[in-house]
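Below: run_32.cif (mmCIF, C-alpha atoms)
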```cif
data_work
#
loop_
_atom_site.label_atom_id
_atom_site.label_comp_id
_atom_site.auth_asym_id
_atom_site.auth_seq_id
_atom_site.Cartn_x
_atom_site.Cartn_y
_atom_site.Cartn_z
CA MET O 1 147.35 79.32 43.86
CA ARG O 2 147.10 75.58 43.92
CA LEU O 3 150.46 73.98 43.34
CA ARG O 4 150.52 71.04 40.99
CA ALA O 5 153.42 68.85 40.05
CA GLY O 6 154.16 65.36 39.00
CA VAL O 7 155.13 62.81 41.56
CA ALA O 8 158.46 61.90 40.07
CA SER O 9 161.37 61.63 42.49
CA ALA O 10 164.21 64.13 42.38
CA VAL O 11 167.33 62.29 41.23
CA LEU O 12 170.50 63.50 42.92
CA GLY O 13 172.81 60.97 41.37
CA ALA O 14 173.08 57.37 40.39
CA ALA O 15 173.12 56.24 44.00
CA LEU O 16 170.67 58.71 45.54
CA THR O 17 166.99 59.17 44.81
CA ILE O 18 164.73 61.15 47.09
CA PRO O 19 161.73 58.86 47.63
CA VAL O 20 158.27 60.37 47.29
CA ALA O 21 154.90 58.80 46.60
CA THR O 22 154.16 57.17 43.27
CA ALA O 23 150.75 56.23 41.94
CA GLN O 24 151.14 52.70 43.27
CA GLN O 25 153.10 52.82 46.50
CA ALA O 26 154.50 55.23 49.08
CA SER O 27 158.26 55.04 49.47
CA ALA O 28 160.69 54.79 52.37
CA ALA O 29 161.97 57.76 54.35
CA PRO O 30 163.97 60.33 52.36
CA SER O 31 167.71 60.72 52.83
CA LEU O 32 167.56 64.48 52.24
CA CYS O 33 164.82 67.11 52.33
CA THR O 34 164.77 68.04 48.65
CA ALA O 35 161.23 67.07 47.65
CA SER O 36 159.41 69.52 45.41
CA GLU O 37 156.32 71.44 46.47
CA GLY O 38 154.25 69.17 44.26
CA ASP O 39 155.73 66.07 45.87
CA ILE O 40 154.53 67.16 49.31
CA TYR O 41 150.89 67.55 48.24
CA ALA O 42 150.74 64.86 45.54
CA ALA O 43 147.79 62.49 45.40
CA ALA O 44 147.87 59.60 47.83
CA PRO O 45 149.16 56.29 46.47
CA ALA O 46 146.94 53.25 46.15
CA GLN O 47 148.98 51.62 48.91
CA VAL O 48 150.65 53.61 51.67
CA ASP O 49 153.64 51.77 53.10
CA GLY O 50 155.24 52.47 56.45
CA ALA O 51 153.99 52.99 59.98
CA PRO O 52 151.90 55.94 61.19
CA GLY O 53 154.20 58.93 61.56
CA ASP O 54 156.75 57.74 59.02
CA LEU O 55 158.24 60.58 56.99
CA LEU O 56 157.58 60.19 53.26
CA ALA O 57 159.02 63.44 51.88
CA CYS O 58 160.31 66.76 53.16
CA ARG O 59 161.41 70.15 51.92
CA GLU O 60 163.25 72.95 53.73
CA VAL O 61 161.18 76.14 53.88
CA LYS O 62 160.94 79.58 55.46
CA LEU O 63 158.16 80.80 57.76
CA PRO O 64 157.90 84.47 56.74
CA GLY O 65 155.03 85.21 59.14
CA VAL O 66 156.96 84.04 62.20
CA SER O 67 159.16 86.86 63.49
CA GLY O 68 161.58 87.28 66.35
CA VAL O 69 163.10 83.80 66.32
CA PHE O 70 165.91 82.14 64.38
CA LEU O 71 164.66 78.77 63.16
CA LYS O 72 164.84 76.00 60.61
CA ALA O 73 161.65 74.63 59.10
CA TRP O 74 160.56 71.86 56.77
CA LYS O 75 157.33 70.92 55.04
CA VAL O 76 156.60 67.25 55.59
CA ARG O 77 154.51 64.54 53.99
CA TYR O 78 153.91 61.64 56.33
CA VAL O 79 151.88 58.51 57.04
CA SER O 80 148.75 58.82 59.16
CA THR O 81 145.57 56.80 59.71
CA ASN O 82 142.05 57.61 58.58
CA VAL O 83 138.86 57.20 60.57
CA LYS O 84 138.42 53.62 59.36
CA GLY O 85 141.91 52.57 60.41
CA ALA O 86 143.52 52.56 56.95
CA LYS O 87 146.89 54.20 56.38
CA THR O 88 146.78 57.48 54.49
CA VAL O 89 148.95 60.54 53.75
CA ALA O 90 148.96 63.82 55.67
CA THR O 91 150.99 67.02 55.42
CA GLY O 92 152.28 69.77 57.68
CA PHE O 93 155.49 71.44 58.77
CA VAL O 94 158.14 71.13 61.47
CA ALA O 95 159.99 74.15 62.91
CA VAL O 96 162.94 74.05 65.32
CA PRO O 97 164.55 77.05 67.04
CA GLN O 98 168.26 77.35 66.35
CA THR O 99 169.09 78.52 69.87
CA ALA O 100 170.31 75.79 72.21
CA TRP O 101 167.83 74.04 74.48
CA THR O 102 169.24 74.49 77.99
CA LYS O 103 166.44 73.31 80.30
CA GLY O 104 167.48 69.69 80.58
CA GLY O 105 166.79 66.64 78.49
CA SER O 106 165.99 66.75 74.81
CA ARG O 107 164.17 69.67 73.21
CA PRO O 108 160.38 69.21 73.55
CA VAL O 109 158.00 69.48 70.63
CA VAL O 110 154.50 70.96 70.52
CA ALA O 111 152.24 68.88 68.30
CA PHE O 112 149.90 71.54 66.93
CA HIS O 113 146.69 71.60 64.92
CA PRO O 114 145.59 75.01 63.58
CA GLY O 115 142.16 76.52 63.80
CA THR O 116 139.89 76.51 60.77
CA ALA O 117 141.64 77.26 57.48
CA GLY O 118 138.93 76.34 54.95
CA LEU O 119 138.59 73.42 52.55
CA GLY O 120 140.35 74.83 49.47
CA PRO O 121 143.68 73.15 48.73
CA GLN O 122 145.41 76.55 48.85
CA CYS O 123 144.26 76.92 52.47
CA ALA O 124 146.54 74.23 53.95
CA PHE O 125 148.23 75.64 57.03
CA SER O 126 151.66 74.57 55.77
CA LYS O 127 151.10 76.50 52.53
CA GLN O 128 149.88 79.65 54.26
CA MET O 129 152.66 79.65 56.86
CA THR O 130 155.36 79.22 54.23
CA GLY O 131 154.34 82.16 52.05
CA ALA O 132 151.10 81.36 50.21
CA TYR O 133 149.20 83.44 52.75
CA VAL O 134 145.43 83.69 52.36
CA ASP O 135 143.81 84.52 55.68
CA HIS O 136 145.32 82.47 58.50
CA TYR O 137 145.97 83.82 61.97
CA GLU O 138 148.10 81.32 63.94
CA ALA O 139 151.59 82.72 63.25
CA PRO O 140 151.78 84.57 66.60
CA ASN O 141 151.04 81.34 68.46
CA ILE O 142 153.70 79.43 66.53
CA ALA O 143 156.18 82.21 67.32
CA GLU O 144 155.30 82.05 71.03
CA PHE O 145 156.19 78.36 71.20
CA LEU O 146 159.42 78.79 69.26
CA LYS O 147 160.55 81.75 71.38
CA ALA O 148 160.10 79.53 74.44
CA GLY O 149 162.55 77.09 72.85
CA PHE O 150 159.99 74.45 71.88
CA ALA O 151 160.00 72.80 68.47
CA VAL O 152 156.66 72.84 66.65
CA ALA O 153 155.22 69.99 64.60
CA ALA O 154 152.12 71.46 62.96
CA THR O 155 149.78 69.27 60.97
CA ASP O 156 147.52 70.55 58.22
CA GLY O 157 145.07 67.83 59.20
CA GLN O 158 144.13 65.19 56.68
CA GLY O 159 142.92 65.86 53.15
CA TYR O 160 145.07 68.73 51.84
CA ILE O 161 146.56 66.63 49.06
CA ASP O 162 145.61 66.40 45.40
CA GLY O 163 142.30 64.65 44.84
CA ARG O 164 141.18 64.84 48.48
CA VAL O 165 139.10 67.15 50.66
CA HIS O 166 140.02 68.06 54.23
CA THR O 167 138.07 65.90 56.69
CA TYR O 168 137.08 68.92 58.73
CA MET O 169 135.92 68.27 62.32
CA VAL O 170 136.30 64.47 62.12
CA GLY O 171 137.87 64.16 65.56
CA ARG O 172 139.65 60.84 65.39
CA GLU O 173 141.38 61.63 62.10
CA ALA O 174 142.49 65.01 63.42
CA GLY O 175 143.85 63.58 66.65
CA GLN O 176 145.76 60.87 64.83
CA ALA O 177 147.29 63.40 62.44
CA VAL O 178 148.49 65.44 65.45
CA LEU O 179 150.15 62.47 67.14
CA ASP O 180 151.67 61.23 63.90
CA ILE O 181 153.39 64.52 63.06
CA ALA O 182 155.03 64.46 66.50
CA ARG O 183 156.53 61.12 65.42
CA THR O 184 157.47 62.57 62.04
CA SER O 185 159.31 65.50 63.60
CA ARG O 186 162.07 63.19 64.90
CA GLN O 187 162.77 61.80 61.41
CA ILE O 188 163.90 64.94 59.55
CA PRO O 189 167.21 64.08 57.84
CA GLY O 190 169.91 65.87 59.78
CA GLY O 191 167.34 67.11 62.30
CA SER O 192 168.02 67.62 65.98
CA LEU O 193 164.84 66.34 67.65
CA ARG O 194 165.25 63.17 69.68
CA PRO O 195 162.78 60.33 70.34
CA ASP O 196 163.04 60.89 74.10
CA GLY O 197 161.89 64.53 73.91
CA LYS O 198 158.64 65.37 75.68
CA VAL O 199 155.54 66.20 73.64
CA GLY O 200 152.94 68.86 74.30
CA ILE O 201 149.66 69.00 72.39
CA ALA O 202 147.96 72.27 71.50
CA GLY O 203 145.22 73.73 69.34
CA TYR O 204 142.31 76.16 69.28
CA SER O 205 138.80 75.86 67.80
CA GLU O 206 139.09 73.13 65.14
CA GLY O 207 142.57 72.70 66.56
CA GLY O 208 141.13 72.47 70.08
CA GLN O 209 138.96 69.55 69.04
CA ALA O 210 141.99 67.93 67.42
CA ALA O 211 144.15 68.54 70.51
CA LEU O 212 141.70 66.86 72.87
CA TRP O 213 141.23 63.97 70.48
CA ALA O 214 145.00 63.58 70.38
CA ALA O 215 145.02 63.64 74.18
CA GLN O 216 142.32 60.96 74.32
CA LEU O 217 144.09 58.74 71.76
CA ALA O 218 147.70 59.18 72.90
CA ALA O 219 147.89 56.20 75.26
CA SER O 220 146.45 53.72 72.77
CA TYR O 221 147.54 55.15 69.41
CA ALA O 222 151.00 56.51 70.23
CA PRO O 223 152.07 55.01 73.57
CA GLU O 224 155.76 55.60 72.85
CA LEU O 225 155.28 59.39 72.92
CA ASP O 226 156.06 61.03 76.27
CA VAL O 227 153.09 63.39 76.29
CA ALA O 228 153.47 65.90 79.12
CA GLY O 229 150.26 67.89 78.69
CA ALA O 230 147.60 69.17 76.32
CA ALA O 231 146.06 72.63 75.86
CA ALA O 232 142.80 73.15 73.97
CA GLY O 233 140.61 76.22 73.62
CA GLY O 234 137.35 77.19 71.93
CA VAL O 235 136.50 73.51 71.70
CA PRO O 236 133.41 72.36 69.75
CA GLY O 237 133.04 69.29 71.94
CA ASP O 238 129.62 68.21 70.61
CA LEU O 239 129.14 68.64 66.87
CA LYS O 240 125.35 68.37 67.03
CA VAL O 241 125.09 71.19 69.55
CA THR O 242 127.61 73.25 67.59
CA ALA O 243 125.86 72.73 64.24
CA ALA O 244 122.48 73.69 65.69
CA GLY O 245 123.99 76.92 66.99
CA LEU O 246 125.65 77.75 63.67
CA ASN O 247 122.84 76.91 61.25
CA GLY O 248 121.29 80.07 59.81
CA GLY O 249 123.71 82.37 61.61
CA LEU O 250 126.69 84.56 60.84
CA PHE O 251 129.08 81.62 61.04
CA ALA O 252 127.08 78.97 59.16
CA GLY O 253 130.11 78.36 56.93
CA PHE O 254 131.71 76.32 59.70
CA ALA O 255 128.70 73.98 59.73
CA ALA O 256 128.81 73.68 55.94
CA ASP O 257 132.50 72.75 56.03
CA ALA O 258 131.84 70.18 58.78
CA LEU O 259 129.14 68.45 56.74
CA ILE O 260 131.41 68.37 53.68
CA GLY O 261 134.34 67.22 55.79
CA HIS O 262 132.35 64.30 57.16
CA ASN O 263 131.31 63.37 53.63
CA ALA O 264 135.02 63.27 52.74
CA ALA O 265 135.68 60.89 55.64
CA TYR O 266 132.58 58.75 55.00
CA PRO O 267 132.06 58.87 51.21
CA ASP O 268 129.63 55.93 51.20
CA MET O 269 127.08 57.75 53.34
CA PRO O 270 124.13 59.53 51.66
CA PHE O 271 125.19 63.03 50.62
CA ASP O 272 125.37 64.00 46.94
CA GLU O 273 121.99 62.46 46.17
CA LEU O 274 120.38 64.65 48.84
CA LEU O 275 121.49 67.95 47.30
CA ASN O 276 119.49 70.27 45.10
CA ASP O 277 121.15 72.51 42.51
CA VAL O 278 121.79 75.21 45.12
CA GLY O 279 123.40 72.63 47.39
CA ARG O 280 125.65 71.23 44.68
CA LYS O 281 126.86 74.73 43.83
CA ALA O 282 127.42 75.50 47.52
CA VAL O 283 129.52 72.36 48.04
CA ALA O 284 131.60 73.10 44.96
CA ASP O 285 132.19 76.64 46.21
CA ALA O 286 133.15 75.54 49.72
CA LYS O 287 135.80 73.19 48.35
CA LYS O 288 137.55 76.19 46.75
CA LEU O 289 137.39 78.69 49.61
CA CYS O 290 139.47 79.54 52.66
CA LEU O 291 138.17 80.82 55.99
CA TYR O 292 136.80 84.28 55.29
CA GLY O 293 135.58 83.35 51.83
CA THR O 294 133.61 80.48 53.37
CA LEU O 295 132.06 82.69 56.04
CA GLY O 296 131.01 85.23 53.41
CA ARG O 297 129.62 82.60 51.05
CA PHE O 298 127.48 80.94 53.74
CA LEU O 299 126.47 84.01 55.75
CA GLY O 300 123.03 83.24 57.23
CA ALA O 301 122.74 79.98 55.28
CA ARG O 302 120.44 77.22 56.47
CA VAL O 303 121.11 73.59 55.66
CA GLU O 304 117.43 73.12 54.76
CA ASN O 305 117.88 75.20 51.62
CA PHE O 306 120.55 72.93 50.14
CA THR O 307 118.63 69.65 49.98
CA LYS O 308 115.87 68.47 47.67
CA ASP O 309 113.57 67.61 50.56
CA LYS O 310 114.37 70.64 52.75
CA LEU O 311 115.95 68.37 55.34
CA THR O 312 116.58 69.83 58.78
CA LEU O 313 119.69 68.98 60.77
CA ASP O 314 117.62 66.66 62.97
CA GLN O 315 116.39 64.82 59.87
CA ILE O 316 119.92 64.58 58.45
CA TRP O 317 121.15 63.03 61.71
CA GLN O 318 118.60 60.23 61.23
CA LEU O 319 119.73 59.31 57.70
CA ARG O 320 121.36 55.90 57.59
CA GLY O 321 124.16 54.55 55.40
CA PRO O 322 126.83 51.84 55.49
CA ASP O 323 128.62 53.46 58.45
CA GLY O 324 125.52 54.07 60.59
CA THR O 325 123.41 57.20 60.79
CA TRP O 326 124.85 60.67 60.28
CA GLY O 327 123.95 61.39 63.89
CA GLU O 328 125.95 58.41 65.11
CA LEU O 329 128.95 59.56 63.09
CA ALA O 330 128.71 63.07 64.54
CA ASP O 331 128.53 61.55 68.02
CA ARG O 332 131.73 59.60 67.37
CA SER O 333 133.56 62.94 67.42
CA ARG O 334 132.00 64.05 70.72
CA LEU O 335 134.68 64.73 73.30
CA GLY O 336 134.75 63.58 76.91
CA VAL O 337 132.97 60.25 76.29
CA ASP O 338 134.45 57.15 77.97
CA ILE O 339 137.53 59.00 79.20
CA GLY O 340 139.39 58.33 82.42
CA THR O 341 142.68 58.13 84.25
CA PRO O 342 145.24 55.41 83.50
CA ALA O 343 143.89 53.40 86.46
CA SER O 344 140.33 53.42 85.10
CA ASN O 345 138.57 51.04 82.74
CA ALA O 346 137.83 53.88 80.33
CA ARG O 347 138.39 53.47 76.62
CA TYR O 348 140.46 56.67 76.45
CA LYS O 349 143.00 56.96 79.25
CA ILE O 350 144.63 60.33 79.87
CA GLY O 351 147.62 60.34 82.18
CA PHE O 352 148.73 63.97 81.89
CA PRO O 353 147.27 67.39 82.78
CA VAL O 354 144.96 69.25 80.43
CA PHE O 355 144.34 72.99 80.05
CA GLN O 356 140.98 74.03 78.56
CA TYR O 357 139.82 77.60 77.96
CA ARG O 358 137.38 79.92 76.19
CA GLY O 359 136.61 83.62 75.91
CA LEU O 360 133.99 85.57 77.85
CA LEU O 361 132.58 86.93 74.60
CA GLU O 362 132.49 83.62 72.69
CA GLU O 363 130.08 84.03 69.78
CA ILE O 364 130.77 81.04 67.51
CA ILE O 365 130.96 77.85 69.57
CA PRO O 366 128.01 77.41 71.96
CA THR O 367 129.48 77.85 75.43
CA GLU O 368 127.31 74.99 76.70
CA THR O 369 129.38 72.46 74.75
CA GLU O 370 132.71 74.04 75.76
CA ASP O 371 131.67 73.98 79.40
CA ALA O 372 130.32 70.43 79.11
CA THR O 373 133.62 69.14 77.73
CA ARG O 374 135.48 70.65 80.68
CA ALA O 375 132.91 69.14 83.09
CA ALA O 376 133.34 65.70 81.53
CA TYR O 377 137.11 65.85 82.00
CA CYS O 378 136.71 66.91 85.60
CA ALA O 379 134.15 64.18 86.30
CA ALA O 380 136.55 61.61 84.86
CA GLY O 381 139.24 62.61 87.36
CA ILE O 382 141.61 64.07 84.76
CA THR O 383 143.74 66.92 86.11
CA THR O 384 142.12 69.85 84.34
CA THR O 385 142.92 73.55 84.46
CA TRP O 386 140.05 75.72 83.20
CA LYS O 387 140.03 79.40 82.31
CA ALA O 388 137.02 81.20 80.84
CA THR O 389 137.90 84.78 81.74
CA TYR O 390 139.68 85.99 78.60
CA VAL O 391 138.00 89.24 77.57
CA GLY O 392 137.73 88.33 73.92
CA GLU O 393 135.43 86.74 71.37
CA HIS O 394 136.31 83.54 69.57
CA LEU O 395 139.21 84.65 67.39
CA THR O 396 140.93 87.08 69.74
CA THR O 397 140.84 84.57 72.60
CA ASP O 398 143.17 82.38 70.54
CA TRP O 399 145.81 85.12 70.82
CA LEU O 400 144.92 86.25 74.34
CA ALA O 401 145.53 82.75 75.69
CA ALA O 402 148.83 82.14 73.88
CA GLY O 403 151.00 83.12 76.82
CA ASP O 404 149.06 80.94 79.25
CA VAL O 405 149.18 77.98 76.87
CA THR O 406 152.95 78.35 76.47
CA ARG O 407 153.50 78.65 80.23
CA PHE O 408 151.26 75.65 80.90
CA LEU O 409 153.27 73.51 78.50
CA ALA O 410 156.58 74.88 79.77
CA ASP O 411 155.66 73.81 83.31
CA ARG O 412 154.74 70.34 82.07
CA PHE O 413 158.00 70.02 80.14
CA GLU O 414 159.89 70.99 83.31
CA GLY O 415 158.02 68.37 85.34
CA LYS O 416 156.18 70.80 87.57
CA PRO O 417 153.01 69.38 89.12
CA ALA O 418 149.59 70.57 87.98
CA THR O 419 146.76 70.65 90.48
CA GLY O 420 143.90 71.70 88.21
CA ASN O 421 140.89 73.73 89.33
CA CYS O 422 137.93 71.40 88.91
#
```
As structure tokens, please, write out the structure in this file.
Amino acid sequence: MRLRAGVASAVLGAALTIPVATAQQASAAPSLCTASEGDIYAAAPAQVDGAPGDLLACREVKLPGVSGVFLKAWKVRYVSTNVKGAKTVATGFVAVPQTAWTKGGSRPVVAFHPGTAGLGPQCAFSKQMTGAYVDHYEAPNIAEFLKAGFAVAATDGQGYIDGRVHTYMVGREAGQAVLDIARTSRQIPGGSLRPDGKVGIAGYSEGGQAALWAAQLAASYAPELDVAGAAAGGVPGDLKVTAAGLNGGLFAGFAADALIGHNAAYPDMPFDELLNDVGRKAVADAKKLCLYGTLGRFLGARVENFTKDKLTLDQIWQLRGPDGTWGELADRSRLGVDIGTPASNARYKIGFPVFQYRGLLEEIIPTETEDATRAAYCAAGITTTWKATYVGEHLTTDWLAAGDVTRFLADRFEGKPATGNC
């Protein structure tokens, strides 16, 4: 189901060309949203021009899985920043309800990162939500936001373009992609979203990690955004703890994707040379699969069986390359480190309330790391609302919490105070 196309621009007349990326250089913002499907997901140019969040190409689409709301939606290709600070290309979609916003000010937007989709190019959230459905599950949450009158700017995360692999669980890249698509949402030709609209941040599981990274980066990376609050659930706050809990279990596929995703972000680190034949086949398979295919393929898998030297996770963390050790790179995505209020000297200043949550029957993410992330936010003095009483396991909690997430963001958009429950 992978969509391939050339990267030629669509010519509408002698005076009008819709700019999309070429092999050498990304172009300026489009005048109309008539890019082809292939243009949206085309390979990244050698040089990406523009500022983070700049719209590169767009295409009007339908969201067949989202029911009960009249909306307009567009796929978008936009400028973001990778983990090393270089400009890159990301994709996603923007959806805006067509009912009037009547609660004062400009319509707010929820900057959203989905939960795990898988590494295959066909798994991109924007592809699944616009009709190329494989096995995603976030449509009810998108509908909840839209029914409340919020616009949604949903990133795929980085790497769902030709020639790339999704940088799964690389926190900084995910957070930057979330903030950048909020910027992009205001640039849709003929769109109605205004730069002064408030922004909410939301996500669950992989999306929860991305949401909290966006919250931590907002003040320094996107200070012009008026972020009112962030909601994050099922958060794998510490990748080492999470990987140790997943390895050899029913959900080992998430750990496999995270290792491959980090290799995509840090290609100069030791990886391919460590693999045995079984490992090379496993990596190739993972890069073609979506969520449930990945979980089936790696059911009960142990990382030790994929390397020539039977390396354990602890041994892999010690391996060194140009960017440090693998353990140091995993720790760079750990949440709740060096965070504080705007008045603090912390590296990551958070000046808005945060809602964190998990299910009582959580079976995928070790609850110790979810609870530790909440504790770190509370210790840093960040207004934090915590709820861990949803009677659901990992997936169903995403849906069970949707109403609370929407109400939390609605209160923030309306300027209601949050007291937290630390």
Who sits within 12 Å of O:Ala218, all atoms listed in the file, same chain under 2 positions skipped, as a PyMOL selection string: chain O and resi 111+172+175-180+182-183+199-201+210-216+220-230+339+342+347-352
Residue contacts of O:Val66 (8 Å, all atoms listed in the file) excluding same-chain residues fewer than 4 positions away, as a list in words: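 Final neighbour list, sorted by chain and number: Ala139, Pro140, Ile142 and Ala143 of chain O.
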Output of the PyMOL selection byres ((chain O and resi 144-160) around 7), listed as JSON, numbers by chain: {"O": [41, 69, 90, 91, 92, 93, 94, 95, 96, 97, 101, 107, 108, 109, 110, 111, 112, 113, 121, 124, 125, 126, 140, 141, 142, 143, 161, 162, 164, 165, 166, 167, 174, 177, 178, 181, 182, 185, 406]}
Residue IDs satisfying the PyMOL selection byres ((chain O and resi 372) around 12), as a PyMOL selection string: chain O and resi 235-238+241+334-337+356-357+366-371+373-379+386
Shortest interatomic distance to O:Thr312 - which of O:Gln122, O:Phe251, O:Ala243, O:Pro270, counting all atoms listed in the file: O:Ala243
Separation of atom CA of O:Glu206 from atom CA of O:Gly324 in Å: 23.8 Å
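Taking atom CA of O:Leu289 as the reference point, atom CA of O:Thr325 is found at 28.0 Å.
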Distance of atom CA of O:Leu274 from atom CA of O:Gln318, expressed in Å to one decimal place: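 Going from atom CA of O:Gln318 over to atom CA of O:Leu274 covers 13.3 Å.
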I'd like the contact shell of O:Leu361 - 10 Å cut-off, only C-alpha atoms, skipping same-chain residues fewer than 3 positions apart - returned as an mmCIF file with C-alpha atoms, in the frame of the given file.
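What ended up in selection_18.cif:
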```cif
data_model
loop_
_atom_site.group_PDB
_atom_site.id
_atom_site.type_symbol
_atom_site.label_atom_id
_atom_site.label_comp_id
_atom_site.auth_asym_id
_atom_site.auth_seq_id
_atom_site.Cartn_x
_atom_site.Cartn_y
_atom_site.Cartn_z
ATOM 1 C CA ARG O 358 137.380 79.920 76.190
ATOM 2 C CA ILE O 364 130.770 81.040 67.510
ATOM 3 C CA THR O 367 129.480 77.850 75.430
ATOM 4 C CA ALA O 388 137.020 81.200 80.840
ATOM 5 C CA THR O 389 137.900 84.780 81.740
ATOM 6 C CA TYR O 390 139.680 85.990 78.600
ATOM 7 C CA VAL O 391 138.000 89.240 77.570
ATOM 8 C CA GLY O 392 137.730 88.330 73.920
ATOM 9 C CA GLU O 393 135.430 86.740 71.370
ATOM 10 C CA HIS O 394 136.310 83.540 69.570
ATOM 11 C CA THR O 396 140.930 87.080 69.740
ATOM 12 C CA THR O 397 140.840 84.570 72.600
#
```
Nearest candidate to O:Ser31 (options O:Leu55, O:Val303, O:Val283, O:Ala44; using all atoms listed in the file): O:Leu55
Chain and number of each residue from the PyMOL selection byres ((chain O and resi 290-296) around 10), as a VMD selection string: chain O and resid 115 to 124 134 to 136 250 to 254 256 to 257 282 285 to 289 297 to 301
Option closest in space to O:Gly104, from O:Gly197, O:Gly234, O:Gly163, O:Gly65 [counting only C-alpha atoms]: O:Gly197
Report as AutoDock Vina command-line options the centre and the edge lengths, in Å to one decimal, of the axis-aligned box holding every listed atom of stretch 371-382 of chain O, padded by 6 Å on each side.
```
--center_x 136.0 --center_y 67.8 --center_z 82.5 --size_x 23.3 --size_y 24.4 --size_z 21.6
```
Counting only C-alpha atoms, the residue of O:Asn247, O:Ser67, O:Ser344, O:Ser333 that sits nearest O:Gly171: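 When distances to O:Gly171 are compared using only C-alpha atoms, the smallest one comes from O:Ser333.
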Selection: 12 Å around O:Glu273, all atoms listed in the file, excl. self and same-chain fewer than 3 positions, as a ChimeraX atom specification: /O:263,267-270,276-277,279-280,306-309
